[in-house]
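Enquirer: Can you keep this structure in mind? I'll have questions shortly.
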Amino acid sequence: MSKRILVIGAGFAGMWSALASARLLDQVGRTDVEIALVAPEPVLHVRPRLYEQNPNGMKAPLQEIFKAVGVRYIRGKVEHIDVASREVSIAGVGADGSQQRVGYDRLVLAAGSRLFRPQIPGLDQHAFNVDQVADAAELEAHLHGLASRPERAGRNTVVIAGAGFTGIETAAEMPARLRDVLGEDAAVKVIMVERNAEVGPDLGPGPRPVITQALTELGVTWKLGSGVAAVDATGVTLENGERIEADTVIWTAGARASELTAQIPAERDRFGRLHVDRDLRVRGVDSVFATGDCAYAATDDEGNFAAMSCQHAMNLGRSAGHNVAADLVGEALLPYSQPKYVTCLDLGPWGAVYTEGWNRQVKLTGGVAKALKTRINSEWIYPPSADRAEALALADPRRIVVA
C-alpha cells in the first residue's frame, strides 16, 4: 500500500470513521490506500448502556466487519502521536507489551473520552462509576455483595454524585437493582447530589417536570446546591458539611476528551476537544482529523456544537471517515452537519422522556418513550452486520442518525 489512513479508537466515532473511509475508497475504486484502526480490542463497548445490568454483555465484536470491508485492525494502545513525522507509537496490550511505530498519511483521532475525576479526597479509592465496561462490572459485583453485609441504613443507600444525563439514568435504575439484591421489601434510598440548583442542569427546563415526577415516583431523592467534598468507605461529606452514610457512591459528574488530544498542537475547548473546521480537520493541522468526543464541532450555523454523546459520535465518525479519505485521494469533501438534535432519557421502570431540538421540547413520555429508548439501546446504536454492502451503505455520511 502506498498510503495509509490511521484511525485511533474503536468506539462509535472510530468504527464509523473506518467504515466511511472504506466506503469512499470503494466508490472511487482506490485500492492503493490502507485503512488501519488501532484499539486495545476489536470490539465496540456500548457505553450508553453501562448504567444497566450485565455490563459485561455490552460489547459488540468488530473484527468480522473490519475484515469484510478491508480495514486492518492493530491491537494496541496509542501512547504518542508525532504530528511532525506523521507517526504514532503503539504499546501492545499482549503479554510482551511490545511497542511499534506506525506511520500515516492521514490520521483520524477518535479516541473518545473518559470520566472526569477531580482531586476529591477518597474519590478514586471509594467511589464507583459506569464509565467503562470494567468500571460498571465492578459496580455490579459490589451491588450483589451488599446482601452479605450487616443490615444498616448505609448498606441500603446509594449516592449518585451528579444529576446530569448519566446520573439521572443511573439513579432511575438503582431502586429496582437494589431490591433485586436486598429483597422487594427492603427500605432503600437513592440520593442524587448535584452542585447546581436544578436536577438535569444541562437538560434545560423542558423535560425537567417529567424527570422529577419519574424520579419521585421511583423513590429517588436529591440534594442540590452542594457537591461532594470527600468520599470514604461508609459515605460522603458534602461541601456544605452534610454527611450521608452510604456503602455505595457512584460518580457520574462529567467527561473529558482523551488525553491524546493534548499531543496535537492545536486549540482545545474546556473539555479537551480539538477545534475542527466543518470538514472535521483539526484547525492548523492538515493531516489530522478529529471526531466523536475528541472534536469540538459545529453541528449547524446556529451556534450549536456536538455533544459528547453516541448520537453525535456516529455521524461525526461517518463524516470524518469520508472526509479523511476524500482529502487523501482528491475527492470532494462533505462538510459535517447535524442540525436535528434529540434526547431520549431512560427513566428506569417509570419509562423515558424523548425531546426534540436544542431547547428540548418534550414529545414522548412514559412507556411510549421507553419503547423508543429500548429500540435505540438494543438496535440503532449497534454495529452493522459483516455484510460488506450493508456496512458500506450504512456508513454514508449523508445518512443522519438521531438516536
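Here's how to read the names in the C-alpha cells: chain A, B, ... by the order shown, residue numbers from 1 in each chain, ligand numbers from 1 in the order shown.
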With range 352-368 of chain A as the partner and 12 Å as the cut-off, tabulate the residues of range 145-197 of chain A that qualify, each row holding the nearest pair of atoms and their distance in Å to one decimal, using only C-alpha atoms, sorted by chain and rising number, as a Markdown table.
Expert:
```
| residue | atom | partner | partner_atom | distance |
| --- | --- | --- | --- | --- |
| A:Phe165 | CA | A:Val353 | CA | 11.6 |
| A:Ile168 | CA | A:Ala352 | CA | 10.9 |
| A:Glu169 | CA | A:Ala352 | CA | 9.3 |
| A:Ala172 | CA | A:Ala352 | CA | 9.9 |
| A:Glu173 | CA | A:Ala352 | CA | 11.6 |
```
Enquirer: Identify all residues of range 65-129 of chain A in helix (DSSP H, G or I) (DSSP on the backbone) and supply them as a PyMOL selection string.
Expert: chain A and resi 65-69+123-126
Enquirer: Please write the residues from the selection above to a file, keeping all heavy atoms, as a compact mmCIF listing (two decimals), in the first residue's frame.
Expert:
```txt
# COMPACT_ATOMS: atom_id res chain seq x y z
N ILE A 65 -16.55 -7.40 10.74
CA ILE A 65 -16.94 -6.24 9.93
C ILE A 65 -15.70 -5.62 9.29
O ILE A 65 -15.70 -5.29 8.10
CB ILE A 65 -17.66 -5.20 10.80
CG1 ILE A 65 -18.90 -5.79 11.45
CG2 ILE A 65 -18.02 -3.95 9.98
CD1 ILE A 65 -19.51 -4.91 12.52
N PHE A 66 -14.65 -5.46 10.07
CA PHE A 66 -13.42 -4.90 9.53
C PHE A 66 -12.86 -5.75 8.39
O PHE A 66 -12.42 -5.23 7.36
CB PHE A 66 -12.37 -4.74 10.64
CG PHE A 66 -12.69 -3.69 11.66
CD1 PHE A 66 -12.12 -3.75 12.93
CD2 PHE A 66 -13.55 -2.64 11.38
CE1 PHE A 66 -12.39 -2.77 13.88
CE2 PHE A 66 -13.84 -1.67 12.32
CZ PHE A 66 -13.26 -1.74 13.58
N LYS A 67 -12.89 -7.06 8.57
CA LYS A 67 -12.41 -7.95 7.51
C LYS A 67 -13.25 -7.80 6.24
O LYS A 67 -12.73 -7.79 5.12
CB LYS A 67 -12.45 -9.41 7.99
CG LYS A 67 -11.38 -9.75 9.02
CD LYS A 67 -11.51 -11.21 9.45
CE LYS A 67 -10.47 -11.58 10.50
NZ LYS A 67 -10.62 -12.99 10.95
N ALA A 68 -14.56 -7.67 6.43
CA ALA A 68 -15.46 -7.61 5.28
C ALA A 68 -15.21 -6.38 4.43
O ALA A 68 -15.33 -6.43 3.20
CB ALA A 68 -16.91 -7.64 5.76
N VAL A 69 -14.88 -5.25 5.07
CA VAL A 69 -14.71 -4.01 4.31
C VAL A 69 -13.25 -3.67 4.05
O VAL A 69 -12.96 -2.67 3.40
CB VAL A 69 -15.40 -2.83 5.03
CG1 VAL A 69 -16.88 -3.11 5.23
CG2 VAL A 69 -14.73 -2.51 6.36
N LEU A 123 -12.13 9.84 46.43
CA LEU A 123 -12.94 9.55 45.24
C LEU A 123 -12.42 8.31 44.50
O LEU A 123 -13.20 7.40 44.18
CB LEU A 123 -12.97 10.76 44.30
CG LEU A 123 -13.78 10.60 43.01
CD1 LEU A 123 -15.26 10.46 43.33
CD2 LEU A 123 -13.56 11.79 42.08
N ASP A 124 -11.14 8.28 44.22
CA ASP A 124 -10.59 7.15 43.47
C ASP A 124 -10.66 5.85 44.25
O ASP A 124 -10.83 4.77 43.67
CB ASP A 124 -9.13 7.44 43.07
CG ASP A 124 -9.02 8.50 41.99
OD1 ASP A 124 -10.02 8.74 41.28
OD2 ASP A 124 -7.93 9.09 41.84
N GLN A 125 -10.53 5.93 45.56
CA GLN A 125 -10.49 4.72 46.38
C GLN A 125 -11.87 4.14 46.69
O GLN A 125 -12.02 2.92 46.81
CB GLN A 125 -9.77 5.00 47.71
CG GLN A 125 -8.31 5.38 47.56
CD GLN A 125 -8.09 6.86 47.33
OE1 GLN A 125 -9.05 7.61 47.12
NE2 GLN A 125 -6.83 7.28 47.36
N HIS A 126 -12.87 5.01 46.80
CA HIS A 126 -14.14 4.54 47.35
C HIS A 126 -15.36 4.72 46.45
O HIS A 126 -16.42 4.15 46.76
CB HIS A 126 -14.41 5.25 48.69
CG HIS A 126 -13.35 5.02 49.71
ND1 HIS A 126 -13.11 3.78 50.28
CD2 HIS A 126 -12.44 5.88 50.26
CE1 HIS A 126 -12.12 3.89 51.14
NE2 HIS A 126 -11.69 5.14 51.15
```
Enquirer: State, in Å with one decimal place, the distance from CA of Ala230 in chain A to CA of Ile191 in chain A.
Expert: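 Distance between the two atoms: 15.8 Å.
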Enquirer: Determine, using only C-alpha atoms, which residues of range 91-187 of chain A have any atom at most 10 Å from an atom of range 295-304 of chain A, and tabulate each with its shortest atom pair and distance in Å to one decimal place, rows ordered by chain and then rising number, as CSV.
Expert:
```
residue,atom,partner,partner_atom,distance
A:Leu109,CA,A:Ala295,CA,8.6
A:Ala110,CA,A:Ala295,CA,8.4
A:Gly112,CA,A:Ala295,CA,9.2
```
Enquirer: Save out the residues we just selected, N, CA, C and O atoms, as a compact mmCIF listing (two decimals), in the first residue's frame.
Expert:
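Contents of result-v3.txt, freshly written:
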```
# COMPACT_ATOMS: atom_id res chain seq x y z
N LEU A 109 -8.37 11.03 14.80
CA LEU A 109 -8.33 10.85 16.24
C LEU A 109 -9.75 10.67 16.75
O LEU A 109 -10.55 11.61 16.79
N ALA A 110 -10.07 9.43 17.12
CA ALA A 110 -11.40 9.06 17.59
C ALA A 110 -11.28 8.29 18.89
O ALA A 110 -11.93 7.26 19.10
N GLY A 112 -12.15 9.00 21.87
CA GLY A 112 -13.24 9.09 22.83
C GLY A 112 -12.93 9.96 24.03
O GLY A 112 -12.13 10.90 23.96
```
Enquirer: If we count only C-alpha atoms, what is near range 327-339 of chain A at a cut-off of 10 Å, once residues fewer than 6 positions away on the same chain are taken out, given as a ChimeraX atom specification?
Expert: /A:3-5,24-25,28,30,32-33,105-106,277-281,286-287,297-302,304-306,311-312,315-320,357-358,397-398,400-402
Enquirer: Using DSSP on the backbone coordinates, identify all residues within range 213-369 of chain A classified as strand (DSSP E or B); present the result as a PyMOL selection string.
Expert: chain A and resi 220-224+228-232+235-238+243-245+248-251+255-257+268+274-276+281-282+288-290+295-296+298+305+342-346+352-356+361-365
Enquirer: Grab the residues selected above and save them as a short mmCIF file (atom, residue, chain, number, x, y, z; two decimals), in the first residue's frame with N, CA and C atoms.
Expert:
```
data_model
loop_
_atom_site.label_atom_id
_atom_site.label_comp_id
_atom_site.auth_asym_id
_atom_site.auth_seq_id
_atom_site.Cartn_x
_atom_site.Cartn_y
_atom_site.Cartn_z
N VAL A 220 -36.51 8.12 44.24
CA VAL A 220 -35.21 8.79 44.21
C VAL A 220 -35.36 10.19 44.77
N THR A 221 -34.42 10.62 45.60
CA THR A 221 -34.41 11.98 46.11
C THR A 221 -33.12 12.67 45.67
N TRP A 222 -33.02 13.98 45.96
CA TRP A 222 -31.83 14.71 45.53
C TRP A 222 -31.53 15.84 46.49
N LYS A 223 -30.23 16.21 46.52
CA LYS A 223 -29.74 17.34 47.30
C LYS A 223 -29.01 18.25 46.33
N LEU A 224 -29.43 19.50 46.25
CA LEU A 224 -28.91 20.43 45.26
C LEU A 224 -28.11 21.55 45.92
N VAL A 228 -19.97 17.04 46.19
CA VAL A 228 -19.27 16.11 47.08
C VAL A 228 -17.90 16.68 47.42
N ALA A 229 -17.59 16.74 48.71
CA ALA A 229 -16.29 17.25 49.16
C ALA A 229 -15.33 16.12 49.48
N ALA A 230 -15.84 14.97 49.92
CA ALA A 230 -14.99 13.83 50.28
C ALA A 230 -15.81 12.56 50.24
N VAL A 231 -15.13 11.45 49.94
CA VAL A 231 -15.75 10.13 49.92
C VAL A 231 -14.92 9.21 50.79
N ASP A 232 -15.59 8.35 51.56
CA ASP A 232 -14.87 7.34 52.33
C ASP A 232 -15.62 6.02 52.25
N GLY A 235 -19.48 6.47 53.23
CA GLY A 235 -20.36 7.53 52.79
C GLY A 235 -19.65 8.72 52.19
N VAL A 236 -20.37 9.84 52.14
CA VAL A 236 -19.83 11.06 51.55
C VAL A 236 -20.06 12.24 52.49
N THR A 237 -19.18 13.22 52.37
CA THR A 237 -19.36 14.51 53.03
C THR A 237 -19.53 15.55 51.94
N LEU A 238 -20.57 16.36 52.06
CA LEU A 238 -20.85 17.37 51.05
C LEU A 238 -20.07 18.65 51.34
N ARG A 243 -23.35 15.16 56.03
CA ARG A 243 -22.83 13.79 55.93
C ARG A 243 -23.95 12.85 55.49
N ILE A 244 -23.67 11.98 54.51
CA ILE A 244 -24.63 10.96 54.09
C ILE A 244 -23.96 9.60 54.22
N GLU A 245 -24.52 8.73 55.03
CA GLU A 245 -24.00 7.37 55.19
C GLU A 245 -24.44 6.53 53.99
N THR A 248 -22.47 2.73 49.00
CA THR A 248 -22.30 2.79 47.55
C THR A 248 -22.37 4.25 47.09
N VAL A 249 -21.28 4.71 46.50
CA VAL A 249 -21.21 6.06 45.93
C VAL A 249 -20.82 5.91 44.47
N ILE A 250 -21.61 6.51 43.59
CA ILE A 250 -21.37 6.40 42.15
C ILE A 250 -21.10 7.78 41.58
N TRP A 251 -19.93 7.96 41.00
CA TRP A 251 -19.51 9.26 40.46
C TRP A 251 -19.90 9.33 38.98
N ALA A 255 -17.25 14.41 31.71
CA ALA A 255 -16.26 13.67 30.93
C ALA A 255 -15.26 14.64 30.32
N ARG A 256 -14.10 14.10 29.97
CA ARG A 256 -13.06 14.87 29.29
C ARG A 256 -12.56 14.06 28.09
N ALA A 257 -12.21 14.75 27.03
CA ALA A 257 -11.70 14.09 25.83
C ALA A 257 -10.41 13.35 26.15
N ARG A 268 -7.87 23.66 21.98
CA ARG A 268 -8.84 22.74 22.57
C ARG A 268 -9.84 23.53 23.42
N LEU A 274 -10.63 19.03 20.45
CA LEU A 274 -9.90 19.81 19.46
C LEU A 274 -10.85 20.63 18.59
N HIS A 275 -10.52 21.88 18.37
CA HIS A 275 -11.30 22.71 17.46
C HIS A 275 -11.09 22.21 16.03
N VAL A 276 -12.18 21.95 15.34
CA VAL A 276 -12.12 21.45 13.97
C VAL A 276 -12.93 22.35 13.05
N ARG A 281 -11.43 18.58 10.03
CA ARG A 281 -9.98 18.67 10.08
C ARG A 281 -9.59 19.58 11.26
N VAL A 282 -8.58 19.13 12.02
CA VAL A 282 -8.11 19.94 13.14
C VAL A 282 -7.56 21.26 12.60
N VAL A 288 -4.47 15.83 10.22
CA VAL A 288 -5.19 15.21 11.34
C VAL A 288 -6.66 15.66 11.33
N PHE A 289 -7.56 14.68 11.40
CA PHE A 289 -8.98 14.91 11.58
C PHE A 289 -9.36 14.41 12.98
N ALA A 290 -10.24 15.12 13.65
CA ALA A 290 -10.72 14.69 14.96
C ALA A 290 -12.22 14.47 14.88
N ALA A 295 -13.65 15.95 19.26
CA ALA A 295 -13.85 17.08 18.35
C ALA A 295 -14.82 18.10 18.91
N TYR A 296 -14.43 19.35 18.87
CA TYR A 296 -15.33 20.47 19.17
C TYR A 296 -15.85 20.94 17.81
N ALA A 298 -19.02 22.20 15.16
CA ALA A 298 -20.31 22.85 14.96
C ALA A 298 -21.26 21.90 14.25
N PHE A 305 -23.04 23.11 19.00
CA PHE A 305 -21.89 22.23 18.84
C PHE A 305 -22.24 20.83 19.32
N VAL A 342 -31.91 15.35 19.19
CA VAL A 342 -32.93 14.78 20.06
C VAL A 342 -32.25 14.24 21.32
N THR A 343 -33.04 14.03 22.35
CA THR A 343 -32.58 13.30 23.51
C THR A 343 -33.64 12.27 23.88
N CYS A 344 -33.19 11.14 24.39
CA CYS A 344 -34.11 10.13 24.91
C CYS A 344 -33.50 9.62 26.21
N LEU A 345 -34.05 10.12 27.31
CA LEU A 345 -33.51 9.85 28.63
C LEU A 345 -34.25 8.69 29.28
N ASP A 346 -33.52 7.65 29.64
CA ASP A 346 -34.11 6.48 30.28
C ASP A 346 -34.44 6.82 31.73
N ALA A 352 -39.46 6.72 30.06
CA ALA A 352 -38.41 7.56 29.49
C ALA A 352 -39.04 8.88 29.08
N VAL A 353 -38.18 9.83 28.68
CA VAL A 353 -38.68 11.09 28.13
C VAL A 353 -37.87 11.39 26.87
N TYR A 354 -38.59 11.68 25.79
CA TYR A 354 -37.98 11.96 24.49
C TYR A 354 -38.23 13.41 24.13
N THR A 355 -37.15 14.12 23.74
CA THR A 355 -37.28 15.53 23.38
C THR A 355 -36.67 15.77 22.00
N GLU A 356 -37.06 16.87 21.38
CA GLU A 356 -36.51 17.27 20.10
C GLU A 356 -36.05 18.72 20.17
N GLN A 361 -37.83 20.19 23.49
CA GLN A 361 -39.28 20.14 23.60
C GLN A 361 -39.72 18.70 23.79
N VAL A 362 -40.48 18.44 24.82
CA VAL A 362 -40.92 17.08 25.14
C VAL A 362 -41.93 16.61 24.10
N LYS A 363 -41.65 15.44 23.51
CA LYS A 363 -42.53 14.86 22.50
C LYS A 363 -43.16 13.55 22.96
N LEU A 364 -42.43 12.76 23.73
CA LEU A 364 -42.94 11.47 24.20
C LEU A 364 -42.51 11.27 25.65
N THR A 365 -43.37 10.61 26.44
CA THR A 365 -43.01 10.29 27.82
C THR A 365 -43.51 8.89 28.16
#
```
Enquirer: Would you mind listing what lies within 9 Å of Ala147 in chain A as number ranges by chain, with only C-alpha atoms counted and same-chain residues fewer than 5 positions away left out?
Expert: A: 155, 181-183
Enquirer: Please write the residues from the selection above to a file, keeping N, CA and C atoms, as a CSV table (one decimal), in the first residue's frame.
Expert:
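After the write, part.csv holds the following:
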```csv
chain,number,residue,atom,x,y,z
A,155,ARG,N,-25.9,0.5,54.2
A,155,ARG,CA,-25.9,-0.6,53.2
A,155,ARG,C,-26.9,-0.4,52.2
A,181,VAL,N,-31.3,-7.3,44.9
A,181,VAL,CA,-30.3,-7.8,45.7
A,181,VAL,C,-30.7,-8.0,47.2
A,182,LEU,N,-31.4,-7.0,47.7
A,182,LEU,CA,-31.7,-6.9,49.1
A,182,LEU,C,-33.1,-7.4,49.4
A,183,GLY,N,-34.0,-7.6,48.4
A,183,GLY,CA,-35.3,-8.1,48.6
A,183,GLY,C,-36.3,-7.0,48.3
```
Enquirer: Using Å and a single decimal, report how far CA of Val88 in chain A sits from CA of Arg101 in chain A.
Expert: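 Taking CA of Arg101 in chain A and CA of Val88 in chain A, their separation equals 5.6 Å.
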Enquirer: Please provide the set of residues having any atom within 12 Å of Pro40 in chain A, restricted to only C-alpha atoms, with same-chain residues fewer than 2 positions apart removed, written as a list in words.
Expert: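 Contacts, with the query itself left out: Ile8, Gly9, Ala10, Gly11, Leu37, Val38, Pro42, Val43, Leu44, His45, Tyr73, Ile74, Arg75, Gly76, Lys77, Val78, Glu79, Ile90, Ala91, Gly92, Val93, Gly94, Gly97 and Ala111 of chain A.
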